[in-house]
Amino acid sequence: MSIIYPDPDQECIINCRDKVILVEAPPGSGKTVTGVLYAQSIIEKGLDKGERLKPHQRALFLTFSKNARAELQIEADRILSKETQKRIEITNFHSFFRQKVWAFRTYLGLPFNLEIISPEERYNALESFIRKDSSIPALHRGENQRNQELEQLSNMLEYYNPAFPTPHYPIKFPDKWKAYTHPIREFILNENRNGRIYFDDFGYYFYRIISESNVLIEIYQEKYPVIIVDEFQDSSDLQFEIVKRLKGNGYLLLFADELQQIYEWRGAALDRLRQAKDFYNIQPKFLNTLHRFKDKPELKRIFENLRFNYREEQNNSIDCRNCSDFKLQPFDAQGRAAPVGCFNLLDKYVRSLQRQEPLSSIGVLFYRNDYIHKINRHFRKFGIGCKEISKGDKQHNFFRGLIISLGDVTSNKLKIILYVYRSILTESCDGNYTVPWDKIEKSYLQIGGPIDKGSYRKEETTLLIENINDLLATKLDAISSLLGEISKKLDILRRAFRINRDIFNLYESLAGIATVHPNLSPSEIIELIEGKFLQFQFARIQRLRRGIYVLTIHQAKGKEFDHIILPYVDSRSFKDTLNFRKLFYVGVTRARQSVTIMFPENDKSNILNQFYF
């Protein structure tokens with residue numbers, strides 16, 4: 001617990017007891033700290049007229065992703081006492097919805113043995129359904145476009161909802177699908193009734209709970225008399241409807257920044273702040289001081305000028321001559337060699353930063369996904385290790401692939417499978433879950449042969465492999481094929497990935513489930529395993545970031561890095577329009593210490609013309 005001294009703008013919000021407060025806050029202005037201190041003030045000083053929260057009541061702090069939730073939790077741990085923390089519930093929308101829906105799943109017509117499927121499972125099921133129904137148009141042939149379509153369709157319950165008289169399609173929703181949303185929605189609902197639910201389905205069911213039961217909505221309103229919403233500008237229509245209903249007669253604090261609204265393609269309304277102002281008849285308050293850049297006055301000045309230009313739709317020149325922490329670097333880009341020139345410059349710059357500041361964090365941010373895969377391969381080729389920050393889809397795909405066959409396995413056989421899982425952890429994965437299994441298997445494995453012990457160094461690992469080979473030689477009915485797959489993946493994991501202690505600890509805890517709970521059914525054990533995995537994901541996100549992170553600007557939103565690099569600011573990726581200005585603004589303001597912008601010298605984006613060097 002540390003002492004924080006808020007500035008006057010923050011004090012005004014922390015001590016305000018208006019029923020609804022809308023705060024416009026730029027990056028680095030301390031909105032997370034302000035939100036935590038506001039909750040602390042409510043708990044310790046009381047509501048309007050000094051009324052205190054009752055023992056069972058909580059201040060609810062909602063954000064959008066597990067990553068943002070982890071950042072909030074870190075600030076709460078730093079600022080608040082343990083007793084005060086017990087009075088605040090910090091969570092993200094989907095986790096909050098899941099918790100409530102899980103408790104009332106039978107009331108909602110969902111089976112008790114409900115499984116949270118991975119994105120890969122949802123996409124595969126949707127693709128299969130669409131392929132079988134000749135009346136529905138085919139998915140796009142290109143892999144990236146097909147995945148984008150599947151992502152939009154898999155979120156159908158989020159915006160095709162009884163809450164709205166007509167569907168609230170997000171921007172960029174493919175027109176060809178609008179005539180077929182009803183059968184796809186019914187398919188998803190049927191999947192749910194059969195025990196397969198996806199994280200993006202939970203909002204629909206939670207809205208049903210608070211719409212159909214007056215008793216439950218009153219219970220939630222009474223339990224959460226104070227609600228704080230972070231990144232409000234990115235809320236979907238359904239999420240905004242839920243927040244309005246949860247508020248009731250309580251207190252609502254909304255943090256937002258129009259210049260950071262880059263998720264309209266996923267359902268965020270461009271006029272979300274205006275909607276809130278009109279609905280609650282309020283005027284926003286402002287956080288103006290950029291605390292994050294207090295030790296970098298020149299960087300702070302550049303960001304303030306950039307923000308002014310974008311808010312006022314101006315193109316005033318921004319003088320960067322005296323700021324060594326804000327750099328523009330051209331690279332040679334001739335034809336198809338453009339990425340090569342970018343990667344070579346990036347390689348040299350990253351190595352230099354690592355030598356100077358080995359404990360710093362470096363965020364390499366692209367607009368295009370295809371460049372991320374290319375730069376990861378480039379860095380690995382030259383021995384530079386990259387990390388990833390994601391919402392956990394890839395990890396969930398990987399994990400579900402391991403437990404997917406457990407439903408038909410008895411308790412004793414489950415112990416054997418979990419024992420095999422334990423053996424995977426000695427050589428496991430470190431964040432990169434995109435390696436194509438079939439290609440690796442073809443390259444490294446001899447079909448039908450036992451695992452090669454000679455390539456393993458640790459004696460205990462060799463012993464585990466011998467035991468697994470013995471198991472493979474035994475007829476185990478339903479699980480024999482699963483054991484075979486896991487045994488093959490042992491060698492794949494060892495060759496393809498580095499050791500990861502987090503995964504080791506996860507599998508240790510999973511292996512202990514069968515021992516601690518010997519009488520549970522397979523479905524009950526699967527639910528425990530899912531819970532362990534979700535806890536693992538959250539704990540992993542909370543770790544202090546060091547090293548190189550390669551990700552998209554959308555993935556980086558809400559995060560901070562010591563050094564930010566935008567390696568490819570060309571005319572195609574960053575057009576000088578309002579939407580691309582927002583994207584550029586979000587990218588550069590992730591920095592704590594420095595920003596480096598790289599651009600092809602023959603194709604520089606016009607968005608850079610305002611910077612004067």
# chains A, B, ... in the order shown; residues from 1 in each chain; ligands from 1
>>> select_by_dssp(residues="range 93-284 of chain A", states="strand (DSSP E or B)", output="number ranges by chain")
A: 115-116, 196-197, 226-229, 236, 251-256, 268
>>> write_last_selection(atoms="N, CA and C atoms", output="PDB file, in the first residue's frame")
ATOM      1  N   GLU A 115     -19.880 -26.264 -20.783  1.00  0.00           N
ATOM      2  CA  GLU A 115     -18.446 -26.108 -21.070  1.00  0.00           C
ATOM      3  C   GLU A 115     -18.208 -24.807 -21.818  1.00  0.00           C
ATOM      4  N   ILE A 116     -17.137 -24.095 -21.442  1.00  0.00           N
ATOM      5  CA  ILE A 116     -16.733 -22.894 -22.180  1.00  0.00           C
ATOM      6  C   ILE A 116     -15.817 -23.343 -23.314  1.00  0.00           C
ATOM      7  N   ARG A 196     -22.486 -26.169 -24.876  1.00  0.00           N
ATOM      8  CA  ARG A 196     -21.271 -25.563 -25.440  1.00  0.00           C
ATOM      9  C   ARG A 196     -21.493 -24.056 -25.543  1.00  0.00           C
ATOM     10  N   ILE A 197     -20.840 -23.313 -24.669  1.00  0.00           N
ATOM     11  CA  ILE A 197     -21.019 -21.859 -24.632  1.00  0.00           C
ATOM     12  C   ILE A 197     -19.686 -21.168 -24.864  1.00  0.00           C
ATOM     13  N   VAL A 226     -22.380   1.174  -6.321  1.00  0.00           N
ATOM     14  CA  VAL A 226     -21.392   2.009  -7.011  1.00  0.00           C
ATOM     15  C   VAL A 226     -20.791   1.191  -8.147  1.00  0.00           C
ATOM     16  N   ILE A 227     -20.852   1.729  -9.371  1.00  0.00           N
ATOM     17  CA  ILE A 227     -20.294   1.057 -10.542  1.00  0.00           C
ATOM     18  C   ILE A 227     -19.324   2.002 -11.233  1.00  0.00           C
ATOM     19  N   ILE A 228     -18.130   1.498 -11.528  1.00  0.00           N
ATOM     20  CA  ILE A 228     -17.104   2.262 -12.238  1.00  0.00           C
ATOM     21  C   ILE A 228     -16.798   1.515 -13.525  1.00  0.00           C
ATOM     22  N   VAL A 229     -16.882   2.194 -14.664  1.00  0.00           N
ATOM     23  CA  VAL A 229     -16.640   1.572 -15.956  1.00  0.00           C
ATOM     24  C   VAL A 229     -15.441   2.237 -16.621  1.00  0.00           C
ATOM     25  N   SER A 236     -20.137  -1.942 -26.010  1.00  0.00           N
ATOM     26  CA  SER A 236     -21.125  -2.270 -27.043  1.00  0.00           C
ATOM     27  C   SER A 236     -22.497  -1.785 -26.595  1.00  0.00           C
ATOM     28  N   TYR A 251     -24.735   4.852  -7.970  1.00  0.00           N
ATOM     29  CA  TYR A 251     -23.742   5.806  -8.461  1.00  0.00           C
ATOM     30  C   TYR A 251     -22.973   5.178  -9.620  1.00  0.00           C
ATOM     31  N   LEU A 252     -22.702   5.999 -10.640  1.00  0.00           N
ATOM     32  CA  LEU A 252     -22.032   5.502 -11.842  1.00  0.00           C
ATOM     33  C   LEU A 252     -20.915   6.456 -12.235  1.00  0.00           C
ATOM     34  N   LEU A 253     -19.698   5.922 -12.374  1.00  0.00           N
ATOM     35  CA  LEU A 253     -18.532   6.691 -12.820  1.00  0.00           C
ATOM     36  C   LEU A 253     -18.029   6.072 -14.123  1.00  0.00           C
ATOM     37  N   LEU A 254     -18.011   6.867 -15.197  1.00  0.00           N
ATOM     38  CA  LEU A 254     -17.617   6.397 -16.525  1.00  0.00           C
ATOM     39  C   LEU A 254     -16.339   7.107 -16.957  1.00  0.00           C
ATOM     40  N   PHE A 255     -15.307   6.342 -17.315  1.00  0.00           N
ATOM     41  CA  PHE A 255     -14.086   6.907 -17.886  1.00  0.00           C
ATOM     42  C   PHE A 255     -14.098   6.666 -19.396  1.00  0.00           C
ATOM     43  N   ALA A 256     -13.759   7.698 -20.159  1.00  0.00           N
ATOM     44  CA  ALA A 256     -13.813   7.554 -21.612  1.00  0.00           C
ATOM     45  C   ALA A 256     -12.844   8.511 -22.282  1.00  0.00           C
ATOM     46  N   ALA A 268     -18.736  -0.965 -30.795  1.00  0.00           N
ATOM     47  CA  ALA A 268     -18.732   0.291 -30.052  1.00  0.00           C
ATOM     48  C   ALA A 268     -19.325   1.401 -30.923  1.00  0.00           C
TER      49      ALA A 268
END
>>> select_by_dssp(residues="range 299-345 of chain A", states="helix (DSSP H, G or I)", output="number ranges by chain")
A: 299-311, 335-345
>>> closest_residue(among="A:Tyr169, A:Phe202, A:Phe293, A:Trp177", to="Glu264 in chain A", atoms="only C-alpha atoms")
A:Tyr169
>>> residues_around(residues="range 49-65 of chain A", least_positions_apart="4", cutoff="7 Å", atoms="only C-alpha atoms", output="list in words")
Ala39, Ile43, Lys45, Arg69, Arg87, Ile88, Glu89, Ile90, Thr91, Asn92, Phe93, Lys223, Tyr224, Pro225, Val226, Ile227, Ile228, Val229, Asp230, Glu231 and Lys391 of chain A
>>> closest_residue(among="A:Leu528, A:Ala333, A:Ile553, A:Ile302", to="Cys320 in chain A", atoms="only C-alpha atoms")
A:Ile302
